[in-house]
Every structure is written in C-alpha cells, then in structure tokens.
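Content type compact mmCIF, C-alpha atoms, from the file upload_28.txt:
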```txt
# COMPACT_ATOMS: atom_id res chain seq x y z
CA MET A 1 0.00 0.00 0.00
CA SER A 2 1.26 3.47 -0.89
CA GLU A 3 1.14 6.11 1.81
CA PHE A 4 0.84 9.89 1.84
CA SER A 5 3.33 11.87 3.87
CA LEU A 6 2.63 15.55 4.49
CA LYS A 7 5.26 17.72 2.84
CA ASN A 8 3.52 21.09 2.95
CA LYS A 9 0.05 22.48 2.52
CA SER A 10 0.22 22.62 -1.27
CA HIS A 11 1.40 19.11 -2.04
CA TYR A 12 2.20 15.70 -0.63
CA THR A 13 4.72 13.03 -1.61
CA TYR A 14 3.15 9.79 -2.73
CA ASN A 15 4.99 6.48 -2.96
CA GLY A 16 3.97 4.39 -5.93
CA ILE A 17 5.12 1.69 -8.30
CA LEU A 18 6.50 2.80 -11.66
CA ILE A 19 6.36 0.27 -14.49
CA SER A 20 8.62 1.16 -17.42
CA ASP A 21 9.73 -1.21 -20.18
CA GLY A 22 8.47 -4.11 -18.09
CA GLU A 23 10.56 -3.13 -15.08
CA LYS A 24 9.07 -2.13 -11.75
CA SER A 25 10.51 0.42 -9.37
CA ILE A 26 9.37 2.43 -6.36
CA VAL A 27 8.99 6.14 -7.00
CA SER A 28 8.11 9.08 -4.79
CA ASP A 29 6.01 11.63 -6.68
CA GLY A 30 4.79 15.06 -5.68
CA ILE A 31 0.98 15.19 -5.71
CA VAL A 32 -0.90 18.47 -5.60
CA VAL A 33 -3.43 18.69 -2.77
CA GLU A 34 -7.14 18.97 -3.56
CA ALA A 35 -9.14 19.79 -0.43
CA ALA A 36 -12.50 21.27 0.43
CA LEU A 37 -12.89 24.82 1.67
CA GLN A 38 -16.24 25.79 3.18
CA ILE A 39 -16.83 29.52 2.93
CA ASN A 40 -19.17 30.99 5.53
CA ILE A 41 -20.56 34.51 5.25
CA ASN A 42 -21.66 35.99 8.55
CA SER A 43 -21.54 32.52 10.16
CA THR A 44 -23.81 30.96 7.50
CA SER A 45 -22.45 28.49 4.97
CA TYR A 46 -22.30 30.04 1.50
CA THR A 47 -20.48 27.50 -0.67
CA VAL A 48 -17.86 24.79 -0.76
CA VAL A 49 -14.98 24.97 -3.22
CA MET A 50 -12.31 22.41 -3.99
CA ARG A 51 -8.92 24.07 -3.97
CA THR A 52 -5.25 23.73 -3.09
CA PRO A 53 -4.71 25.02 0.47
CA GLY A 54 -2.83 28.29 0.76
CA ASN A 55 -3.84 31.87 -0.02
CA ASP A 56 -7.36 31.02 1.11
CA PHE A 57 -8.16 34.60 2.11
CA GLU A 58 -7.13 35.81 -1.35
CA LEU A 59 -9.21 33.06 -2.95
CA ILE A 60 -12.28 34.09 -0.96
CA ARG A 61 -11.73 37.80 -1.63
CA GLY A 62 -11.42 37.20 -5.36
CA LEU A 63 -14.45 34.93 -5.44
CA LEU A 64 -16.60 37.44 -3.55
CA TYR A 65 -15.49 40.14 -5.98
CA ALA A 66 -16.26 38.05 -9.07
CA GLU A 67 -19.64 36.98 -7.70
CA ASP A 68 -20.72 40.59 -6.93
CA ILE A 69 -20.96 39.85 -3.23
CA TYR A 70 -18.40 42.32 -1.91
CA LYS A 71 -16.60 44.92 -4.03
CA GLU A 72 -15.71 47.50 -1.40
CA LYS A 73 -12.06 48.47 -0.85
CA GLN A 74 -12.20 48.00 2.91
CA ALA A 75 -10.51 44.93 4.32
CA LEU A 76 -12.63 41.99 5.42
CA ASP A 77 -12.59 40.14 8.71
CA PHE A 78 -11.62 36.50 8.10
CA LYS A 79 -11.62 33.82 10.78
CA VAL A 80 -10.45 30.24 10.37
CA ILE A 81 -13.15 28.14 12.05
CA GLU A 82 -11.60 24.76 11.33
CA GLU A 83 -8.42 23.59 9.62
CA LYS A 84 -7.78 19.86 9.36
CA GLU A 85 -4.51 18.09 8.66
CA ASN A 86 -5.80 16.98 5.25
CA GLY A 87 -6.39 20.59 4.19
CA PHE A 88 -10.16 20.61 4.65
CA SER A 89 -11.06 23.98 6.17
CA ILE A 90 -13.91 26.24 7.18
CA ILE A 91 -13.40 30.01 7.00
CA ASN A 92 -15.91 32.62 8.05
CA VAL A 93 -15.94 36.13 6.62
CA ILE A 94 -17.84 38.99 8.20
CA ILE A 95 -19.56 41.37 5.76
CA PRO A 96 -21.96 44.09 6.95
CA LYS A 97 -25.42 43.29 5.60
CA ASN A 98 -25.69 46.69 3.92
CA LYS A 99 -22.47 45.92 2.00
CA LEU A 100 -23.60 42.57 0.59
CA GLY A 101 -23.92 42.77 -3.20
CA LYS A 102 -26.67 41.37 -5.40
CA GLY A 103 -24.67 38.22 -6.00
CA TYR A 104 -25.30 37.11 -2.44
CA LEU A 105 -28.95 36.51 -3.25
CA ASN A 106 -27.87 33.92 -5.83
CA LYS A 107 -26.29 31.54 -3.36
CA ARG A 108 -24.17 28.70 -4.61
CA THR A 109 -25.92 25.82 -2.90
CA LEU A 110 -24.04 23.09 -4.78
CA LEU A 111 -20.46 21.91 -4.52
CA SER A 112 -18.08 23.84 -6.77
CA VAL A 113 -15.37 21.44 -7.91
CA SER A 114 -11.82 22.40 -8.79
CA SER A 115 -12.30 22.07 -12.54
CA CYS A 116 -15.55 23.99 -12.80
CA GLY A 117 -16.28 27.45 -11.51
CA ILE A 118 -19.98 27.57 -12.43
CA CYS A 119 -21.17 24.19 -11.14
CA GLY A 120 -23.03 25.85 -8.30
CA LYS A 121 -24.99 28.23 -10.50
CA GLN A 122 -28.73 27.68 -10.33
CA ASN A 123 -29.99 29.26 -13.58
CA LEU A 124 -28.66 29.80 -17.09
CA GLU A 125 -29.21 33.52 -16.61
CA ASP A 126 -26.62 33.45 -13.84
CA ILE A 127 -23.75 33.12 -16.35
CA GLU A 128 -24.68 36.21 -18.36
CA LEU A 129 -22.16 39.05 -18.42
CA LYS A 130 -23.21 42.66 -18.60
CA GLY A 131 -21.18 45.81 -18.94
CA LYS A 132 -19.33 48.06 -21.36
CA SER A 133 -16.62 46.68 -23.58
CA LEU A 134 -13.11 47.20 -22.22
CA LYS A 135 -11.09 49.92 -23.90
CA ASN A 136 -7.40 49.10 -23.95
CA ASP A 137 -5.26 50.55 -26.75
CA THR A 138 -1.86 49.56 -25.36
CA LEU A 139 0.15 47.51 -27.85
CA PHE A 140 2.46 44.68 -26.91
CA SER A 141 4.65 42.28 -28.85
CA ILE A 142 5.14 38.55 -29.16
CA GLN A 143 8.45 38.98 -27.36
CA ASN A 144 6.61 40.52 -24.40
CA ILE A 145 4.36 37.46 -24.27
CA GLN A 146 7.30 35.09 -24.30
CA GLU A 147 9.05 36.99 -21.53
CA MET A 148 5.94 37.02 -19.34
CA SER A 149 5.33 33.31 -19.99
CA SER A 150 8.90 32.48 -19.05
CA ARG A 151 8.60 34.52 -15.87
CA MET A 152 5.40 32.75 -14.81
CA SER A 153 6.81 29.32 -15.62
CA SER A 154 9.92 29.93 -13.53
CA LEU A 155 7.79 30.65 -10.45
CA GLN A 156 5.41 27.68 -10.66
CA ASN A 157 6.95 25.92 -7.68
CA VAL A 158 3.98 23.70 -6.87
CA PHE A 159 3.79 22.57 -10.50
CA LYS A 160 7.49 21.77 -10.51
CA ALA A 161 7.00 19.57 -7.46
CA THR A 162 3.77 17.91 -8.56
CA GLY A 163 2.94 18.48 -12.23
CA GLY A 164 -0.65 18.82 -11.07
CA SER A 165 -1.35 22.48 -10.36
CA HIS A 166 -2.44 25.47 -12.42
CA ALA A 167 -1.08 28.99 -12.21
CA ALA A 168 -2.35 32.48 -12.91
CA ALA A 169 -0.15 35.55 -13.10
CA ILE A 170 -0.97 39.23 -13.60
CA PHE A 171 1.42 41.77 -15.10
CA ASP A 172 1.29 45.56 -15.36
CA LYS A 173 1.76 47.71 -18.49
CA ASN A 174 5.53 47.59 -18.02
CA TYR A 175 5.37 43.79 -18.07
CA GLN A 176 6.36 43.63 -14.42
CA LEU A 177 4.88 40.77 -12.43
CA LEU A 178 2.29 41.93 -9.90
CA THR A 179 1.26 38.55 -8.53
CA ILE A 180 1.32 34.81 -9.24
CA LYS A 181 -0.63 32.08 -7.47
CA GLU A 182 -1.11 28.34 -7.96
CA ASP A 183 -4.01 26.00 -7.29
CA ILE A 184 -5.39 22.67 -8.43
CA GLY A 185 -8.30 24.61 -9.95
CA ARG A 186 -7.81 26.98 -12.87
CA HIS A 187 -10.48 29.43 -11.73
CA ASN A 188 -9.25 29.21 -8.14
CA ALA A 189 -5.81 30.40 -9.24
CA VAL A 190 -7.46 33.34 -11.00
CA ASP A 191 -9.51 34.20 -7.91
CA LYS A 192 -6.32 34.12 -5.85
CA VAL A 193 -4.38 36.58 -8.00
CA ILE A 194 -7.31 38.98 -8.30
CA GLY A 195 -7.97 38.72 -4.57
CA ASP A 196 -4.29 39.32 -3.84
CA LEU A 197 -4.28 42.54 -5.86
CA ILE A 198 -7.53 43.72 -4.27
CA ASN A 199 -5.94 43.25 -0.86
CA LYS A 200 -2.88 45.19 -2.03
CA ASN A 201 -5.09 47.90 -3.58
CA ASP A 202 -3.23 47.26 -6.84
CA LEU A 203 -5.92 45.80 -9.11
CA ASN A 204 -6.09 49.01 -11.19
CA ASN A 205 -2.54 48.35 -12.39
CA SER A 206 -3.51 45.02 -13.95
CA PHE A 207 -2.77 44.85 -17.66
CA CYS A 208 -2.41 41.23 -18.70
CA MET A 209 -3.26 37.87 -17.15
CA LEU A 210 -1.50 34.62 -17.99
CA VAL A 211 -2.99 31.22 -17.15
CA SER A 212 -1.28 27.88 -17.37
CA GLY A 213 -4.29 25.90 -18.57
CA ARG A 214 -7.28 26.35 -20.81
CA VAL A 215 -9.59 29.37 -20.79
CA SER A 216 -13.30 28.91 -20.18
CA TYR A 217 -16.19 31.33 -19.84
CA GLU A 218 -15.51 31.55 -16.12
CA ILE A 219 -11.98 32.88 -16.53
CA VAL A 220 -13.02 35.43 -19.15
CA SER A 221 -15.82 36.64 -16.87
CA LYS A 222 -13.47 37.06 -13.94
CA ALA A 223 -11.00 39.02 -16.10
CA PHE A 224 -13.79 41.23 -17.44
CA ILE A 225 -15.11 42.03 -13.98
CA ALA A 226 -11.57 42.88 -12.86
CA LYS A 227 -11.08 44.99 -16.04
CA ILE A 228 -8.14 42.93 -17.29
CA GLY A 229 -8.11 43.35 -21.06
CA ILE A 230 -5.64 40.64 -22.12
CA ILE A 231 -5.70 36.90 -21.37
CA ILE A 232 -2.92 34.59 -22.51
CA ALA A 233 -3.28 30.83 -22.08
CA VAL A 234 -0.87 27.96 -22.50
CA SER A 235 -3.74 25.71 -23.58
CA ALA A 236 -7.02 25.93 -25.46
CA CYS A 237 -9.93 28.39 -25.26
CA SER A 238 -13.58 27.37 -25.21
CA SER A 239 -16.11 28.65 -27.73
CA LEU A 240 -18.01 30.58 -25.07
CA ALA A 241 -14.78 32.14 -23.81
CA ILE A 242 -13.98 33.37 -27.33
CA ASP A 243 -17.49 34.74 -27.90
CA TYR A 244 -17.45 36.69 -24.64
CA ALA A 245 -13.89 37.92 -25.19
CA LYS A 246 -14.89 39.30 -28.60
CA GLU A 247 -17.95 40.99 -27.18
CA PHE A 248 -16.21 42.57 -24.22
CA GLY A 249 -13.01 43.79 -25.85
CA ILE A 250 -10.64 41.24 -24.33
CA CYS A 251 -7.63 40.15 -26.36
CA LEU A 252 -7.68 36.35 -25.99
CA ILE A 253 -4.68 34.22 -26.90
CA GLY A 254 -4.49 30.44 -26.67
CA PHE A 255 -1.83 27.76 -27.21
CA SER A 256 0.89 30.23 -26.28
CA ARG A 257 4.10 28.27 -26.68
CA THR A 258 7.63 29.10 -27.80
CA ASN A 259 7.36 31.07 -31.05
CA LYS A 260 3.74 29.98 -31.44
CA MET A 261 0.27 31.14 -30.36
CA THR A 262 -3.29 31.56 -31.61
CA ILE A 263 -5.15 34.87 -31.24
CA TYR A 264 -8.87 34.24 -30.97
CA ALA A 265 -10.28 37.67 -30.14
CA ASN A 266 -9.36 41.33 -30.53
CA PRO A 267 -5.89 40.94 -32.09
CA THR A 268 -5.39 44.70 -32.55
CA LYS A 269 -3.42 44.94 -29.30
CA ILE A 270 -0.51 42.92 -30.68
CA GLU A 271 2.18 44.51 -32.85
```
Using structure tokens, write down the structure from this file.
Amino acid sequence: MSEFSLKNKSHYTYNGILISDGEKSIVSDGIVVEAALQININSTSYTVVMRTPGNDFELIRGLLYAEDIYKEKQALDFKVIEEKENGFSIINVIIPKNKLGKGYLNKRTLLSVSSCGICGKQNLEDIELKGKSLKNDTLFSIQNIQEMSSRMSSLQNVFKATGGSHAAAIFDKNYQLLTIKEDIGRHNAVDKVIGDLINKNDLNNSFCMLVSGRVSYEIVSKAFIAKIGIIIAVSACSSLAIDYAKEFGICLIGFSRTNKMTIYANPTKIE
C-alpha cells in the first residue's frame, strides 16, 4: 500500500510503483493537494470549493469580488473556524449586511469542484455578463508574451514539485509581475491573484493575465469584472470564452508556446 506523507500544505509526496519497459521500481512523486474549503458569510455556509490550500483569504476575496458579493475596498474580517490536517477547512468572513452585493442573493448551494467554476450556478441567466466593452489601446509584442510566460513558468513551484497544479499571473503595463498564485483549480488560481491585488489595492494596475491551462467562460468573466483586457493561455480556449472575449473587448490568446500562439479575439493589441 502506498502512503501519503505531508510535505507542505500545497502538495504531498506519494509512494507508488512505476512500471517502465516491463521493469518495476518504487517512485516518490509530488501530488498536488485537492481539499474542500467551506466559505461561511456571517456565520452561515455560503459555498464549498475544492482548492489547493494556501492563499485562502485571497481566494475568498477574489471569489466574492467576481460573484458581486463584496466589491468595497475596505478589508474583510476573516476567521479560520476549522483547519484539518488533510487541508479541509472552514473560514468565516464577516460582511456588513448593507455591504452585501446582489450576488449574495444567488447563493451557490451546490459543490463547486476544482475544474468547474460555475457548477453551483442555479440558472442559465446566472452566467450572463453585462457591462461596457473594455477599452485598452496599449500595444504589446510577441516577445513581451514570451518573456511574461517564461517569468510565470519559472515561479510555478507547486507545478514543478507535482505536475498537477495550475497557475495564474498578472502583469502591469511595463510587463512587471504583480502577482502569481497556484491552485489545483484553474479558476481558483485566478480568484487568488485577483484577490491578492484587491488586498494590495493594486488591481487598477492590472494589464495582462496569464494562465497555465485552458480558458473557459468563467476565466473570461473574472477578467472582465476585474477589467483585465488581455488573457494569454498555455492551452485551449472554449467557444463561449472566445465569444465573450470578442464581445467585451478582451484580447484572448491560446496555445501560447515558444514562437507559437493563436489569437482568438481582438488581435489589434498585438504589434
């Protein structure tokens, strides 16, 4: 029997049997942690998300922002109610009732898994985006993209240890890294970086967001709400993500690899 041994809160080491060319050997692999986080608002359960432990306050702050539950600049009062050895946690956040946004009325009553950020939505209307198209005339080059991608890749420490985590990174107009976070869930990583910049009062300096995986509707919607006009992905983009990116003025790039990429929406920002 293989056994887990706790290495840190983001990943474990897992002993397994590797079979290669008919030969068996014992290996010790890094495995990214997937654990449940129950988010309480004013001592009442709001939702459960599957995430990689770490930066939980940033994750919650970004999620509340994206869901139109709390968009004020003032800091929130977080309290860890329970934190188990396996990473399962309960965190309560206090929000004055008069500060709760409209999104709070649309409670996520279902489990939100790490690979899907809209699983808890209750109606199709809940995924609609509304707002003015983003206006961003700043030009950037393919070389800029490659430099930002290289920078993000070099800092994906959990991925290097496990091969099982996603990353999101946000850069400013000077292509300087503002924040990078990792998580087993793509949309969780995005919530973390946006939440981090909200806490730092630095979200207005966001220019471009890089993600290590594919881009879905959920990621485009989070970028739009945060007024981030450029999304660059290592992997594919969904049809809905492309449609929304076109409509809302977001430059969307997929399959960004060395000397190669595909621009799916609003290519005028690239020179």
Distance query Ser43 (chain A) at most 9 Å, all atoms listed in the file, self and fewer than 2 positions along chain excluded, as a JSON list (two decimals) with C-alpha atoms, in the coordinates of the input:
```
[["chain", "number", "residue", "atom", "x", "y", "z"],
["A", 40, "ASN", "CA", -19.17, 30.99, 5.53],
["A", 41, "ILE", "CA", -20.56, 34.51, 5.25],
["A", 45, "SER", "CA", -22.45, 28.49, 4.97],
["A", 92, "ASN", "CA", -15.91, 32.62, 8.05],
["A", 93, "VAL", "CA", -15.94, 36.13, 6.62],
["A", 94, "ILE", "CA", -17.84, 38.99, 8.20]]
```
Self-check item: Pick from A:Arg151, A:Lys160, A:Lys222, A:Lys192, whichever lies nearest to Gln176 (chain A) using only C-alpha atoms
Solution: A:Arg151
Quiz item: Which protein, DNA or RNA residues are at most 12 Å from (-26.4, 42.0, -4.4) in the file's coordinates when you count all atoms listed in the file, listed as a list in words?
Solution: Leu64, Tyr65, Ala66, Glu67, Asp68, Ile69, Tyr70, Lys71, Lys97, Asn98, Lys99, Leu100, Gly101, Lys102, Gly103, Tyr104, Leu105, Asn106 and Lys107 of chain A
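Minimum atom-to-atom distance to Lys227 (chain A), evaluated using all atoms listed in the file, belongs to A:Ser206 out of A:Ser206, A:Ser212, A:Asn266, A:Ser239.
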Practice problem: Please provide as a list in words all residues within 12 Å of Val80 (chain A), with the sequence filter that same-chain residues fewer than 3 positions apart are discarded (counting all atoms listed in the file). | Solution: Leu37, Gln38, Ile39, Asn40, Ser43, Asp56, Phe57, Asp77, Glu83, Lys84, Phe88, Ser89, Ile90, Ile91, Asn92, Val93 and Ile94 of chain A
Can you sort out the box for region 140-147 of chain A, edges along x, y and z, all listed atoms in, 5 Å on every side, with centre and edge lengths in Å to one decimal, as lines of an AutoDock Vina configuration file?
```
center_x = 5.8
center_y = 39.9
center_z = -25.3
size_x = 16.6
size_y = 19.6
size_z = 17.6
```
Practice problem: Figure out the distance between CA of Asp196 (chain A) and CA of Ile142 (chain A), please, to one decimal in Å. | Solution: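 Taking CA of Ile142 (chain A) as the start and CA of Asp196 (chain A) as the end point, the length is 27.0 Å.
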Quiz prompt | Selected residue of minimal separation from Ser141 (chain A) among A:Phe159, A:Ser238, A:Asn259, A:Ser10, counting all atoms listed in the file | solution = A:Asn259
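Take the candidates A:Val215, A:Met152, A:Cys237, A:Lys73 and check each one against Leu197 (chain A) using only C-alpha atoms; the shortest distance goes to A:Lys73.
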Self-check item: Which residue of A:Asn199, A:Arg61, A:Tyr264, A:Asn174 approaches Phe140 (chain A) most closely, using all atoms listed in the file
Solution: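 Using all atoms listed in the file, Phe140 (chain A) sits closest to A:Asn174.
The residue that comes closest to Thr44 (chain A), out of A:Leu203, A:Ser28, A:Ile95, A:Phe248 and on the basis of all atoms listed in the file, is A:Ile95.
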Exercise. Work out how far CA of Asp29 (chain A) is from CA of Val193 (chain A), in Å to one decimal.
Key: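 Computing it gives 27.1 Å between the two atoms.
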Exercise. Quick one: pull the distance between CA of Val211 (chain A) and CA of Glu85 (chain A), Å, one decimal.
Key: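 One can read the CA of Val211 (chain A) to CA of Glu85 (chain A) distance as 29.0 Å.
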When you look at Pro267 (chain A) with a cut-off of 9 Å (counting only C-alpha atoms), what residues show up, excluding the ones that are within fewer than 5 positions of it in the same chain? I need them as a PDB file with C-alpha atoms, in the coordinates of the input.
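So out.pdb came out as:
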```
ATOM      1  CA  CYS A 251      -7.630  40.150 -26.360  1.00  0.00           C
ATOM      2  CA  LEU A 252      -7.680  36.350 -25.990  1.00  0.00           C
ATOM      3  CA  ILE A 253      -4.680  34.220 -26.900  1.00  0.00           C
TER       4      ILE A 253
END
```
